[in-house]
Amino acid sequence: MKKSADNGYEAAISALKKRILIVEDQFIEAHDLQLILEKANYEVTGIARSVEQALEQIEIEKPDLVFLDIMLKGKRDGIELAHILKEKHVGFIFISANSSKSVLDEAKTTQPYGFIVKPFRAQDVLTTLEIAFYRQQYSLESQLRQQFQLQKSISEIINSNVKKEEALLAFAKAVQTFIPFDYLETGFVTTTHYDNLGIVRRNIDQYQIINLQKLTQITELSEKEINETYKKSKTDKEPIIYSAETLINNLQEAPMKALIAHNFGIKSYLVFPLLISEMQRYHFTFYSRNLNVYSPEHLRILNSLEPVFCQFIAKIYSKEDLNLPQKKVEIKNTKPVNTEEDFVGIIGNSSQMNSVFNYIRKVAPSDTSVLVLGESGTGKEKIAQSIHALSPRKEKPLVIINCGAIPENLAESLLFGHEKGAFTGALDKRIGKFELADGGTIFLDEVGEMSLELQVKLLRVLQEREIERVGGSSPMKVDVRIIAATNKNLEEEVAAGRFRMDLYYRLHVFPIMVPPLKKRKEDIPDLANHFIEVYSDKMGRKAPILSDAAVQQIMNYNWPGNIRELEHVMQRAILLTEGNTIKEIELSMSSKMHPEQPAESFSIKTILENERDYILYILKKCNGKISGAGGAAEILDIHPSTLNSKIKKLEIKKGII
């Protein structure tokens, strides 16, 4: 009986173990990695030495994650396998000693969950693995959540009694968050004439139906010419993405798509055909003005929702339409439909900002950590406010913390609170920021300025979801969503040893890049007029208008201080304007405050260069001390002889320490 019980216990433990496949052609390194993983209670499903062996084992063993060397035996390498794993939705971590910039750049495009440099330490392997599973969990949850949200939105449209035109516009808005587009073409495939409807996105939430009559006005072609163009066009029978060279080739085979691309500035598109019956096909074609917008992930979402798409089509079209796909569909309503949505004062209709709005909509309903990246003055705090306002936590507090302004000696007390008498001057109990935000959202502004000591404490909160007041006797559970922001390059900060790698990956689950103002110049007039209205109202005067010359001035300036600088310039312009027209904008003061910086060529450092920078940084902190208490070897958690070998290999001279 005892043996049976033991076997049952072992089976239960085994079921909880994460299964990992090692793809490595060097026996010693593969064996070392296997020992590290098994000692940490992971199950190694096997060791493969080539892409072919790996694919065979993946089909049989179904591992949870793959450790993958870039250089493998045979004609196919680890990067090729990584692309296959990505399509199969299998997470992977690269292990490599190769520091070639071109190889590393190519590896980065596969979006691995981590990267370990040979020779690796057990601590590096296990930390990277923990982060990888954390990211994988959120990635899978995010995919399922997106699918559920879109399915729910379309089901609501199906169950409503709105007319076909309104249903298509509602469908376009629901899909936009997950499959971005500037123009959406929908309709049955016919053989005699063009019978599709277009939906053009005007700005954030404004869409307009483009019927055949409207299309003739836009293209300056007759209905007959459009029909002839359509009949000459190739029809796709399978879901497919066109961009770059494939787009150019397809435009020659499908002149109808070339017509749309030319008139709406299209640079990529995704075709998603549906088989409604044996003889009937219906197409959704998503067009974008940006290159390389569409990915296999978009196709996966669409494929998973094919049944609900078919239900939607069956609902909005009459039986006659469904039986006679060649019948023309009369559309009378071509008025734009605009639905307001609370983006907390963010202004912008540029394609760059529309992408940001899509990301906000996509991530807001979840509890996923968000990292907002962008230059100073781009409005990162507004992004955080919008995410909170559109989330289920909107009724709870949004607590904002400027990490660069936290005094070192008060940081822990400020964030986590303290008990009465915890230290000299603690006359009363204090509730910390995290406790105040319970049930809501914490916004960590300028998180790149946070000290290493505070980073450790923040990491514990993210991992354990609990805090402990200074002087407290027991930890307390907190339910907070983390949004962080920085204008720093955190990858460089990690390489320099100023930001913890494990914290970086905890925060970098869903990054949102906010574009600088010079990259979204079409938004400048709207922003300028907004600030004119705001400050004129505060001053109790009628808002002046911008002259054409003034508009040209602000459009030609590069705004290194971004929106914050534009706001101050507009405020100053109102004060200097006596009449009802701002004839000229004084930019001389602003130019002196923000001199143009010479363009620097962006370079990605190799892993060895990053390792050299990190070791050099630690050595300088230790005043060149290598061994003993407080030495660099102790901080780096490696043997002094290993550190000396690395110093020699990386050519770190004593004179530069």
# chains A, B, ... in the order shown; residues from 1 in each chain; ligands from 1
$ select_by_dssp --residues "region 208-429 of chain A" --states "helix (DSSP H, G or I)" --output "PyMOL selection string"
chain A and resi 212-219+223-231+244-253+255-264+296-304+306-316+319-323+351-363+380-389+403-405+408-416
$ residues_around --residues "Val200 (chain A)" --least-positions-apart "3" --cutoff "10 Å" --atoms "only C-alpha atoms" --output "PDB file with all heavy atoms, in the first residue's frame"
ATOM      1  N   LEU A 169     -21.004  48.927 -39.552  1.00  0.00           N
ATOM      2  CA  LEU A 169     -20.209  49.955 -38.875  1.00  0.00           C
ATOM      3  C   LEU A 169     -19.849  49.517 -37.455  1.00  0.00           C
ATOM      4  O   LEU A 169     -18.726  49.727 -36.997  1.00  0.00           O
ATOM      5  CB  LEU A 169     -20.974  51.287 -38.854  1.00  0.00           C
ATOM      6  CG  LEU A 169     -21.130  51.969 -40.217  1.00  0.00           C
ATOM      7  CD1 LEU A 169     -22.165  53.082 -40.151  1.00  0.00           C
ATOM      8  CD2 LEU A 169     -19.791  52.523 -40.700  1.00  0.00           C
ATOM      9  N   ALA A 172     -17.169  46.917 -37.751  1.00  0.00           N
ATOM     10  CA  ALA A 172     -15.867  47.533 -38.063  1.00  0.00           C
ATOM     11  C   ALA A 172     -15.201  48.071 -36.805  1.00  0.00           C
ATOM     12  O   ALA A 172     -14.011  47.856 -36.574  1.00  0.00           O
ATOM     13  CB  ALA A 172     -16.049  48.656 -39.080  1.00  0.00           C
ATOM     14  N   PHE A 181      -7.184  48.555 -39.219  1.00  0.00           N
ATOM     15  CA  PHE A 181      -7.338  48.838 -40.650  1.00  0.00           C
ATOM     16  C   PHE A 181      -7.632  50.321 -40.855  1.00  0.00           C
ATOM     17  O   PHE A 181      -8.117  51.003 -39.956  1.00  0.00           O
ATOM     18  CB  PHE A 181      -8.459  47.986 -41.263  1.00  0.00           C
ATOM     19  CG  PHE A 181      -9.841  48.311 -40.733  1.00  0.00           C
ATOM     20  CD1 PHE A 181     -10.603  49.338 -41.268  1.00  0.00           C
ATOM     21  CD2 PHE A 181     -10.382  47.590 -39.680  1.00  0.00           C
ATOM     22  CE1 PHE A 181     -11.860  49.645 -40.781  1.00  0.00           C
ATOM     23  CE2 PHE A 181     -11.641  47.884 -39.171  1.00  0.00           C
ATOM     24  CZ  PHE A 181     -12.382  48.919 -39.727  1.00  0.00           C
ATOM     25  N   ASP A 182      -7.330  50.794 -42.044  1.00  0.00           N
ATOM     26  CA  ASP A 182      -7.734  52.132 -42.470  1.00  0.00           C
ATOM     27  C   ASP A 182      -8.896  52.051 -43.453  1.00  0.00           C
ATOM     28  O   ASP A 182      -9.637  53.016 -43.630  1.00  0.00           O
ATOM     29  CB  ASP A 182      -6.548  52.863 -43.108  1.00  0.00           C
ATOM     30  CG  ASP A 182      -5.449  53.151 -42.104  1.00  0.00           C
ATOM     31  OD1 ASP A 182      -5.714  53.885 -41.141  1.00  0.00           O
ATOM     32  OD2 ASP A 182      -4.329  52.618 -42.257  1.00  0.00           O
ATOM     33  N   TYR A 183      -9.011  50.890 -44.110  1.00  0.00           N
ATOM     34  CA  TYR A 183     -10.117  50.652 -45.043  1.00  0.00           C
ATOM     35  C   TYR A 183     -10.466  49.169 -44.964  1.00  0.00           C
ATOM     36  O   TYR A 183      -9.586  48.315 -45.018  1.00  0.00           O
ATOM     37  CB  TYR A 183      -9.698  51.025 -46.469  1.00  0.00           C
ATOM     38  CG  TYR A 183     -10.826  50.997 -47.486  1.00  0.00           C
ATOM     39  CD1 TYR A 183     -11.633  52.111 -47.680  1.00  0.00           C
ATOM     40  CD2 TYR A 183     -11.069  49.866 -48.256  1.00  0.00           C
ATOM     41  CE1 TYR A 183     -12.666  52.095 -48.615  1.00  0.00           C
ATOM     42  CE2 TYR A 183     -12.102  49.835 -49.192  1.00  0.00           C
ATOM     43  CZ  TYR A 183     -12.896  50.957 -49.360  1.00  0.00           C
ATOM     44  OH  TYR A 183     -13.916  50.939 -50.285  1.00  0.00           O
ATOM     45  N   LEU A 184     -11.758  48.874 -44.804  1.00  0.00           N
ATOM     46  CA  LEU A 184     -12.227  47.486 -44.738  1.00  0.00           C
ATOM     47  C   LEU A 184     -13.185  47.250 -45.896  1.00  0.00           C
ATOM     48  O   LEU A 184     -14.182  47.970 -46.041  1.00  0.00           O
ATOM     49  CB  LEU A 184     -12.930  47.225 -43.402  1.00  0.00           C
ATOM     50  CG  LEU A 184     -13.636  45.877 -43.233  1.00  0.00           C
ATOM     51  CD1 LEU A 184     -12.653  44.717 -43.375  1.00  0.00           C
ATOM     52  CD2 LEU A 184     -14.345  45.810 -41.882  1.00  0.00           C
ATOM     53  N   GLU A 185     -12.877  46.249 -46.710  1.00  0.00           N
ATOM     54  CA  GLU A 185     -13.718  45.906 -47.859  1.00  0.00           C
ATOM     55  C   GLU A 185     -14.468  44.618 -47.532  1.00  0.00           C
ATOM     56  O   GLU A 185     -13.868  43.625 -47.109  1.00  0.00           O
ATOM     57  CB  GLU A 185     -12.831  45.718 -49.090  1.00  0.00           C
ATOM     58  CG  GLU A 185     -13.591  45.526 -50.382  1.00  0.00           C
ATOM     59  CD  GLU A 185     -12.657  45.255 -51.546  1.00  0.00           C
ATOM     60  OE1 GLU A 185     -11.480  44.877 -51.308  1.00  0.00           O
ATOM     61  OE2 GLU A 185     -13.100  45.403 -52.689  1.00  0.00           O
ATOM     62  N   LEU A 197     -18.831  46.502 -50.305  1.00  0.00           N
ATOM     63  CA  LEU A 197     -18.942  47.751 -49.550  1.00  0.00           C
ATOM     64  C   LEU A 197     -17.609  48.021 -48.865  1.00  0.00           C
ATOM     65  O   LEU A 197     -16.951  47.093 -48.384  1.00  0.00           O
ATOM     66  CB  LEU A 197     -20.033  47.642 -48.483  1.00  0.00           C
ATOM     67  CG  LEU A 197     -21.472  47.523 -48.976  1.00  0.00           C
ATOM     68  CD1 LEU A 197     -22.404  47.298 -47.799  1.00  0.00           C
ATOM     69  CD2 LEU A 197     -21.875  48.773 -49.735  1.00  0.00           C
ATOM     70  N   ASN A 203     -11.210  58.759 -38.283  1.00  0.00           N
ATOM     71  CA  ASN A 203     -10.360  59.067 -37.124  1.00  0.00           C
ATOM     72  C   ASN A 203     -10.617  58.027 -36.041  1.00  0.00           C
ATOM     73  O   ASN A 203     -11.008  56.908 -36.354  1.00  0.00           O
ATOM     74  CB  ASN A 203     -10.573  60.511 -36.627  1.00  0.00           C
ATOM     75  CG  ASN A 203     -12.020  60.796 -36.296  1.00  0.00           C
ATOM     76  OD1 ASN A 203     -12.727  59.933 -35.809  1.00  0.00           O
ATOM     77  ND2 ASN A 203     -12.473  62.012 -36.572  1.00  0.00           N
ATOM     78  N   GLN A 206     -14.601  57.330 -35.898  1.00  0.00           N
ATOM     79  CA  GLN A 206     -15.490  57.775 -36.971  1.00  0.00           C
ATOM     80  C   GLN A 206     -15.257  56.922 -38.214  1.00  0.00           C
ATOM     81  O   GLN A 206     -14.146  56.852 -38.735  1.00  0.00           O
ATOM     82  CB  GLN A 206     -15.245  59.255 -37.287  1.00  0.00           C
ATOM     83  CG  GLN A 206     -16.325  59.854 -38.169  1.00  0.00           C
ATOM     84  CD  GLN A 206     -16.085  61.329 -38.398  1.00  0.00           C
ATOM     85  OE1 GLN A 206     -15.123  61.704 -39.058  1.00  0.00           O
ATOM     86  NE2 GLN A 206     -16.945  62.170 -37.848  1.00  0.00           N
ATOM     87  N   TYR A 207     -16.316  56.274 -38.666  1.00  0.00           N
ATOM     88  CA  TYR A 207     -16.246  55.382 -39.821  1.00  0.00           C
ATOM     89  C   TYR A 207     -17.300  55.801 -40.842  1.00  0.00           C
ATOM     90  O   TYR A 207     -18.352  56.335 -40.479  1.00  0.00           O
ATOM     91  CB  TYR A 207     -16.497  53.927 -39.399  1.00  0.00           C
ATOM     92  CG  TYR A 207     -15.490  53.392 -38.411  1.00  0.00           C
ATOM     93  CD1 TYR A 207     -15.610  53.646 -37.046  1.00  0.00           C
ATOM     94  CD2 TYR A 207     -14.399  52.633 -38.828  1.00  0.00           C
ATOM     95  CE1 TYR A 207     -14.691  53.168 -36.129  1.00  0.00           C
ATOM     96  CE2 TYR A 207     -13.474  52.139 -37.931  1.00  0.00           C
ATOM     97  CZ  TYR A 207     -13.630  52.414 -36.583  1.00  0.00           C
ATOM     98  OH  TYR A 207     -12.708  51.935 -35.682  1.00  0.00           O
ATOM     99  N   GLN A 208     -17.038  55.533 -42.101  1.00  0.00           N
ATOM    100  CA  GLN A 208     -17.992  55.878 -43.154  1.00  0.00           C
ATOM    101  C   GLN A 208     -18.074  54.746 -44.169  1.00  0.00           C
ATOM    102  O   GLN A 208     -17.062  54.200 -44.588  1.00  0.00           O
ATOM    103  CB  GLN A 208     -17.573  57.172 -43.858  1.00  0.00           C
ATOM    104  CG  GLN A 208     -18.530  57.611 -44.945  1.00  0.00           C
ATOM    105  CD  GLN A 208     -18.095  58.898 -45.616  1.00  0.00           C
ATOM    106  OE1 GLN A 208     -17.094  59.488 -45.234  1.00  0.00           O
ATOM    107  NE2 GLN A 208     -18.841  59.328 -46.603  1.00  0.00           N
ATOM    108  N   ILE A 209     -19.311  54.401 -44.545  1.00  0.00           N
ATOM    109  CA  ILE A 209     -19.507  53.369 -45.561  1.00  0.00           C
ATOM    110  C   ILE A 209     -19.262  53.956 -46.949  1.00  0.00           C
ATOM    111  O   ILE A 209     -19.736  55.049 -47.267  1.00  0.00           O
ATOM    112  CB  ILE A 209     -20.926  52.782 -45.466  1.00  0.00           C
ATOM    113  CG1 ILE A 209     -21.025  51.855 -44.244  1.00  0.00           C
ATOM    114  CG2 ILE A 209     -21.298  52.020 -46.729  1.00  0.00           C
ATOM    115  CD1 ILE A 209     -22.332  51.140 -44.091  1.00  0.00           C
ATOM    116  N   ILE A 210     -18.512  53.225 -47.737  1.00  0.00           N
ATOM    117  CA  ILE A 210     -18.235  53.618 -49.122  1.00  0.00           C
ATOM    118  C   ILE A 210     -18.929  52.596 -50.029  1.00  0.00           C
ATOM    119  O   ILE A 210     -18.475  51.459 -50.159  1.00  0.00           O
ATOM    120  CB  ILE A 210     -16.716  53.645 -49.415  1.00  0.00           C
ATOM    121  CG1 ILE A 210     -15.975  54.534 -48.417  1.00  0.00           C
ATOM    122  CG2 ILE A 210     -16.448  54.073 -50.853  1.00  0.00           C
ATOM    123  CD1 ILE A 210     -16.318  56.006 -48.499  1.00  0.00           C
ATOM    124  N   PHE A 264      -6.487  55.161 -51.360  1.00  0.00           N
ATOM    125  CA  PHE A 264      -6.518  55.266 -49.895  1.00  0.00           C
ATOM    126  C   PHE A 264      -5.126  55.146 -49.265  1.00  0.00           C
ATOM    127  O   PHE A 264      -5.010  55.018 -48.051  1.00  0.00           O
ATOM    128  CB  PHE A 264      -7.462  54.205 -49.315  1.00  0.00           C
ATOM    129  CG  PHE A 264      -8.906  54.442 -49.653  1.00  0.00           C
ATOM    130  CD1 PHE A 264      -9.490  53.811 -50.744  1.00  0.00           C
ATOM    131  CD2 PHE A 264      -9.685  55.315 -48.908  1.00  0.00           C
ATOM    132  CE1 PHE A 264     -10.821  54.031 -51.077  1.00  0.00           C
ATOM    133  CE2 PHE A 264     -11.016  55.537 -49.222  1.00  0.00           C
ATOM    134  CZ  PHE A 264     -11.587  54.898 -50.319  1.00  0.00           C
ATOM    135  N   TYR A 287      -7.299  46.656 -45.032  1.00  0.00           N
ATOM    136  CA  TYR A 287      -6.239  47.445 -45.663  1.00  0.00           C
ATOM    137  C   TYR A 287      -5.627  48.407 -44.631  1.00  0.00           C
ATOM    138  O   TYR A 287      -6.352  49.002 -43.827  1.00  0.00           O
ATOM    139  CB  TYR A 287      -6.783  48.293 -46.810  1.00  0.00           C
ATOM    140  CG  TYR A 287      -7.328  47.525 -47.995  1.00  0.00           C
ATOM    141  CD1 TYR A 287      -8.661  47.095 -48.016  1.00  0.00           C
ATOM    142  CD2 TYR A 287      -6.540  47.271 -49.115  1.00  0.00           C
ATOM    143  CE1 TYR A 287      -9.180  46.415 -49.107  1.00  0.00           C
ATOM    144  CE2 TYR A 287      -7.053  46.598 -50.219  1.00  0.00           C
ATOM    145  CZ  TYR A 287      -8.376  46.164 -50.203  1.00  0.00           C
ATOM    146  OH  TYR A 287      -8.883  45.496 -51.295  1.00  0.00           O
ATOM    147  N   PRO A 336     -21.075  59.572 -42.026  1.00  0.00           N
ATOM    148  CA  PRO A 336     -20.133  59.037 -41.039  1.00  0.00           C
ATOM    149  C   PRO A 336     -20.830  58.807 -39.700  1.00  0.00           C
ATOM    150  O   PRO A 336     -21.724  59.553 -39.311  1.00  0.00           O
ATOM    151  CB  PRO A 336     -19.075  60.141 -40.921  1.00  0.00           C
ATOM    152  CG  PRO A 336     -19.262  61.013 -42.119  1.00  0.00           C
ATOM    153  CD  PRO A 336     -20.701  60.893 -42.498  1.00  0.00           C
TER     154      PRO A 336
END
$ closest_residue --among "A:Lys396, A:Glu449, A:Lys315, A:Gly432" --to "Glu408 (chain A)" --atoms "only C-alpha atoms"
A:Glu449
$ residues_around --residues "Ile442 (chain A)" --least-positions-apart "6" --cutoff "7 Å" --atoms "only C-alpha atoms" --output "short mmCIF file (atom, residue, chain, number, x, y, z; two decimals) with C-alpha atoms, in the first residue's frame"
data_model
loop_
_atom_site.label_atom_id
_atom_site.label_comp_id
_atom_site.auth_asym_id
_atom_site.auth_seq_id
_atom_site.Cartn_x
_atom_site.Cartn_y
_atom_site.Cartn_z
CA LEU A 398 -5.49 55.42 -9.91
CA VAL A 399 -2.44 56.22 -7.78
CA ILE A 400 0.40 58.04 -9.57
CA VAL A 480 -3.26 46.28 -7.94
CA ARG A 481 -2.65 46.59 -11.64
CA ILE A 482 0.80 47.97 -12.57
CA ILE A 483 1.32 50.50 -15.35
#
$ residues_around --residues "Lys267 (chain A)" --least-positions-apart "5" --cutoff "12 Å" --atoms "only C-alpha atoms" --output "PyMOL selection string"
chain A and resi 181-183+241-248+250-251+257-258+260-262+286-294
$ write_last_selection --atoms "C-alpha atoms" --output "PDB file, in the first residue's frame"
ATOM      1  CA  PHE A 181      -7.338  48.838 -40.650  1.00  0.00           C
ATOM      2  CA  ASP A 182      -7.734  52.132 -42.470  1.00  0.00           C
ATOM      3  CA  TYR A 183     -10.117  50.652 -45.043  1.00  0.00           C
ATOM      4  CA  ILE A 241      -1.285  38.660 -45.980  1.00  0.00           C
ATOM      5  CA  TYR A 242       0.186  40.979 -48.613  1.00  0.00           C
ATOM      6  CA  SER A 243       2.997  43.423 -47.848  1.00  0.00           C
ATOM      7  CA  ALA A 244       6.180  44.719 -49.488  1.00  0.00           C
ATOM      8  CA  GLU A 245       7.104  42.524 -52.503  1.00  0.00           C
ATOM      9  CA  THR A 246       4.063  40.227 -52.242  1.00  0.00           C
ATOM     10  CA  LEU A 247       1.805  43.301 -52.264  1.00  0.00           C
ATOM     11  CA  ILE A 248       3.431  44.678 -55.418  1.00  0.00           C
ATOM     12  CA  ASN A 250      -0.651  41.024 -56.049  1.00  0.00           C
ATOM     13  CA  LEU A 251      -1.539  44.557 -57.176  1.00  0.00           C
ATOM     14  CA  LYS A 257      -6.996  46.128 -54.969  1.00  0.00           C
ATOM     15  CA  ALA A 258      -4.516  48.393 -56.762  1.00  0.00           C
ATOM     16  CA  ILE A 260      -8.194  50.886 -53.565  1.00  0.00           C
ATOM     17  CA  ALA A 261      -4.511  50.991 -52.573  1.00  0.00           C
ATOM     18  CA  HIS A 262      -3.869  54.014 -54.816  1.00  0.00           C
ATOM     19  CA  PHE A 286      -8.359  44.659 -44.134  1.00  0.00           C
ATOM     20  CA  TYR A 287      -6.239  47.445 -45.663  1.00  0.00           C
ATOM     21  CA  SER A 288      -3.618  49.514 -43.774  1.00  0.00           C
ATOM     22  CA  ARG A 289      -1.605  52.605 -44.660  1.00  0.00           C
ATOM     23  CA  ASN A 290       1.357  51.156 -42.751  1.00  0.00           C
ATOM     24  CA  LEU A 291       3.859  48.492 -43.815  1.00  0.00           C
ATOM     25  CA  ASN A 292       3.986  45.019 -42.236  1.00  0.00           C
ATOM     26  CA  VAL A 293       0.950  45.601 -40.007  1.00  0.00           C
ATOM     27  CA  TYR A 294      -0.551  42.138 -40.331  1.00  0.00           C
TER      28      TYR A 294
END
$ residues_around --residues "Asn487 (chain A)" --least-positions-apart "2" --cutoff "7 Å" --atoms "only C-alpha atoms" --output "PyMOL selection string"
chain A and resi 373-376+446+489
$ write_last_selection --atoms "N, CA, C and O atoms" --output "PDB file, in the first residue's frame"
ATOM      1  N   LEU A 373       6.237  53.538 -23.184  1.00  0.00           N
ATOM      2  CA  LEU A 373       7.547  54.043 -23.576  1.00  0.00           C
ATOM      3  C   LEU A 373       7.396  55.270 -24.453  1.00  0.00           C
ATOM      4  O   LEU A 373       6.455  55.372 -25.234  1.00  0.00           O
ATOM      5  N   GLY A 374       8.331  56.194 -24.337  1.00  0.00           N
ATOM      6  CA  GLY A 374       8.271  57.384 -25.182  1.00  0.00           C
ATOM      7  C   GLY A 374       9.085  58.516 -24.605  1.00  0.00           C
ATOM      8  O   GLY A 374       9.469  58.511 -23.428  1.00  0.00           O
ATOM      9  N   GLU A 375       9.348  59.506 -25.431  1.00  0.00           N
ATOM     10  CA  GLU A 375      10.136  60.664 -25.010  1.00  0.00           C
ATOM     11  C   GLU A 375       9.390  61.470 -23.952  1.00  0.00           C
ATOM     12  O   GLU A 375       8.171  61.345 -23.799  1.00  0.00           O
ATOM     13  N   SER A 376      10.114  62.339 -23.250  1.00  0.00           N
ATOM     14  CA  SER A 376       9.496  63.234 -22.263  1.00  0.00           C
ATOM     15  C   SER A 376       8.515  64.163 -22.974  1.00  0.00           C
ATOM     16  O   SER A 376       8.796  64.665 -24.059  1.00  0.00           O
ATOM     17  N   GLU A 446       8.329  57.291 -14.738  1.00  0.00           N
ATOM     18  CA  GLU A 446       9.801  57.316 -14.737  1.00  0.00           C
ATOM     19  C   GLU A 446      10.371  56.155 -13.915  1.00  0.00           C
ATOM     20  O   GLU A 446      11.229  56.336 -13.057  1.00  0.00           O
ATOM     21  N   ASN A 489      15.898  53.951 -22.302  1.00  0.00           N
ATOM     22  CA  ASN A 489      16.011  52.655 -22.968  1.00  0.00           C
ATOM     23  C   ASN A 489      16.333  51.624 -21.889  1.00  0.00           C
ATOM     24  O   ASN A 489      17.472  51.507 -21.452  1.00  0.00           O
TER      25      ASN A 489
END
$ closest_residue --among "A:Leu150, A:Ala632, A:Ile524, A:Leu274" --to "Arg361 (chain A)" --atoms "only C-alpha atoms"
A:Leu150
$ atom_distance --atom1 "CA of Tyr614 (chain A)" --atom2 "CA of Gln34 (chain A)"
27.5 Å
